[in-house]
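Below is one structure, written out as structure tokens, with a few remarks after it.
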Amino acid sequence: MRNRTGKTLTCTAVALGADCIRVVELAVRGRSQDLQAWSSLPVDPGIMTDPDKNKEGLAKLIRKAVELAGAEGNRVVSALPHGRVITVVVDMPKMPLDELSQAVKWEAFRRFPESGRAGEMVLRHVVLDELNNGRQKQFRVLLALARESFIRAYYSLFSLAGLDLIALELQGLALWRVFRCQTGLKGRDEPLAVIDADAAAGQMIIIDGGKLCYYKVFPADFTPEMPLAAVHEIRRAFDYYSSTRHKKIKRLVLSGGAIAAGELKAHLLDEPGLLIEPGCPAEGLEPSFNVAVGLALRGAEG
């Protein structure tokens, strides 16, 4: 990503994982990104399982993680946990963007009837790509739905921690911001797959030419404890992408805390022609910080 203001922007991100809170502070100027502060605070998974019941305790831990990092700002970006947001990628006819905003509401209501209840669900969409199948041009659109009450509670949680939550992001979009510059370059024009997982869930994105072309959230068994199930899901995604885009996935980046154990990599080593590499977001940071770094980059966009 690029900060086009010409000024140095300091951006702080707080990523709430299944068993850890990670904080990253970046100074972004133009295409330059300097890591200013970071921290990793292990927490009891129980407090993350039901944050609504542990609001005060979780707020104190968030504040502690920020202070542990030494982050100076109180304006932060965070991400919605997988279990509290519904995501789906759909193909829709190409149309003016104002018409698309209305069309995605009908599409969301068709797939998830509860999304039509006023005041209950918040719907957002992102156009990922423009497709031309030879008959009709289409948009590939990412839909995200979350309960409005949970979003309000999330903002309240950070306020209780003494922080100003300026944006809530999808974790998959945060990953895309970290790795999108690694595709579309001379000698590296092949699609890139990124797998990220913690102790609760996993996600997979595919980036091609800098664009986010595939996004899927996997269930809780997508961890090194269930590597065979994870490998099955990965191969299904690779086959789907190859059949629809006519490109083979040759590069896979492993990210996240649960992936670091290496069991998943061991099961993928026999995949012919697949280069597997760790996804370290910045010098000195482990792959488990990728989402946090991507959230900080989101903060630099305003």
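Just remember, in the structure tokens the first chain shown is A, the second B, etc., residues are 1-based per chain, and ligands are 1-based in the order shown.
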Worksheet item: Which of stretch 15-88 of chain A counts as strand (DSSP E or B) under DSSP, as JSON, numbers by chain please?
Response: {"A": [15, 16, 20, 21, 22, 23, 24, 25, 26, 27, 28, 29, 30, 32, 33, 34, 35, 36, 37, 38, 39, 40, 41, 42, 75, 76, 77, 78, 79, 86, 87, 88]}
File of the preceding selection, C-alpha atoms, as a compact mmCIF listing (two decimals), in the first residue's frame:
# COMPACT_ATOMS: atom_id res chain seq x y z
CA ALA A 15 -5.42 -8.05 16.52
CA LEU A 16 -7.43 -10.25 18.88
CA CYS A 20 -3.19 -13.99 22.03
CA ILE A 21 -3.49 -10.23 21.56
CA ARG A 22 -1.00 -8.74 19.09
CA VAL A 23 -0.26 -5.04 18.72
CA VAL A 24 1.67 -3.40 15.90
CA GLU A 25 2.50 0.27 15.34
CA LEU A 26 3.76 1.35 11.90
CA ALA A 27 5.05 4.66 10.60
CA VAL A 28 4.01 4.91 6.94
CA ARG A 29 5.34 7.49 4.51
CA GLY A 30 4.81 6.94 0.80
CA SER A 32 8.02 3.22 3.20
CA GLN A 33 6.78 1.34 6.26
CA ASP A 34 8.78 1.40 9.49
CA LEU A 35 7.95 -0.85 12.40
CA GLN A 36 7.75 1.34 15.50
CA ALA A 37 6.41 -0.94 18.22
CA TRP A 38 4.89 -4.36 18.71
CA SER A 39 3.83 -6.79 21.41
CA SER A 40 2.31 -10.24 21.85
CA LEU A 41 0.27 -10.95 24.97
CA PRO A 42 -0.91 -14.55 25.54
CA ARG A 75 -6.46 5.57 17.60
CA VAL A 76 -6.44 1.93 16.51
CA VAL A 77 -7.70 -0.46 13.85
CA SER A 78 -8.89 -3.97 14.64
CA ALA A 79 -10.60 -6.89 12.88
CA ILE A 86 -20.39 -13.97 7.60
CA THR A 87 -18.41 -13.70 4.37
CA VAL A 88 -19.22 -14.96 0.89
Practice prompt. As a PyMOL selection string, please: all residues of stretch 9-128 of chain A that backbone DSSP puts in alpha helix (DSSP H).
Written response: chain A and resi 45-49+55-69+97-111
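If you look at atom CA of A:Gly162 and atom CA of A:Glu72, they are 12.4 Å away from each other.
With distances taken over only C-alpha atoms, A:Asn74 is the one residue among A:Thr49, A:Ser149, A:Gln203, A:Asn74 lying closest to A:Val14.
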Practice prompt. Fewer than 3 positions away in the same chain doesn't count, so skip those; otherwise give me all residues within 9 Å of A:Ala108, counting only C-alpha atoms, as a list in words.
Written response: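 What passes the distance filter is Ala103, Val104, Lys105, Arg111, Phe112, Pro113, Ser115, Gly116, Leu123, Leu143, Ala144 and Leu145 of chain A.
The closest residue to A:Phe139, picked from A:Arg236, A:His125, A:Lys60, A:Lys248 and counting only C-alpha atoms, is A:His125.
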Worksheet item: Between A:Val231, A:Arg245, A:Glu190, A:Tyr155, which has the minimum distance to A:Leu268 (counting only C-alpha atoms)?
Response: A:Val231
Item to complete: Identify, on the basis of only C-alpha atoms, every residue whose closest approach to A:Ser159 does not exceed 10 Å; exclude the query and any residue fewer than 5 positions from it along the same chain; express the result as a list of chain:residue names.
Response: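 Counting only C-alpha atoms, the residues come to A:Ala59, A:Asn74, A:Ala153, A:Tyr154, A:Asp164, A:Leu165.
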Worksheet entry | Separation of atom CA of A:Arg147 from atom CA of A:Pro81 in Å |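 Calculated distance between atom CA of A:Pro81 and atom CA of A:Arg147 is 12.2 Å.
For the pair atom CA of A:Ser101 and atom CA of A:Arg124, the separation is 9.0 Å.
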Discussion item. Report as a PyMOL selection string all protein, DNA and RNA residues lying within 9 Å of A:Leu80, evaluated on only C-alpha atoms, omitting residues in the same chain fewer than 4 positions from it.
Written reply: chain A and resi 16+84-85+146+151+154+168-171
Keeping only C-alpha atoms, take the residues you just selected and write them out as a PDB file, in the first residue's frame.
ATOM      1  CA  LEU A  16      -7.432 -10.250  18.877  1.00  0.00           C
ATOM      2  CA  ARG A  84     -18.937 -12.978  14.351  1.00  0.00           C
ATOM      3  CA  VAL A  85     -18.960 -12.171  10.629  1.00  0.00           C
ATOM      4  CA  ALA A 146     -22.267  -8.835  10.974  1.00  0.00           C
ATOM      5  CA  ILE A 151     -20.207  -4.129  16.122  1.00  0.00           C
ATOM      6  CA  TYR A 154     -16.764  -4.072  19.842  1.00  0.00           C
ATOM      7  CA  LEU A 168     -13.052  -2.605  11.815  1.00  0.00           C
ATOM      8  CA  GLU A 169     -11.599  -4.730   9.029  1.00  0.00           C
ATOM      9  CA  LEU A 170     -11.873  -8.274   7.728  1.00  0.00           C
ATOM     10  CA  GLN A 171      -8.818 -10.363   8.535  1.00  0.00           C
TER      11      GLN A 171
END
Item to complete: Can you pull out every residue within 12 Å of A:Ala193, counting only C-alpha atoms, but drop anything in the same chain fewer than 2 positions away, and send it as a VMD selection string?
Response: chain A and resid 172 175 to 176 179 to 180 182 to 183 190 to 191 195 to 196 203 to 208 210 to 216 234 to 235 237 to 238 241 247 to 255 274 to 279
Item to complete: Give me the residues within 9 Å of A:Leu131 as a list in words, counting only C-alpha atoms and dropping any in the same chain fewer than 3 places off.
Response: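 Near A:Leu131, the qualifying residues are Asp91, Lys94, Gln136, Lys137, Gln138, Phe139 and Arg140 of chain A.
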Worksheet entry | Minimum-distance residue to A:Ala18, chosen among A:Ala300, A:Leu100, A:Leu228, A:Ala197 (using only C-alpha atoms) |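 Closest to A:Ala18, using only C-alpha atoms: A:Ala197.
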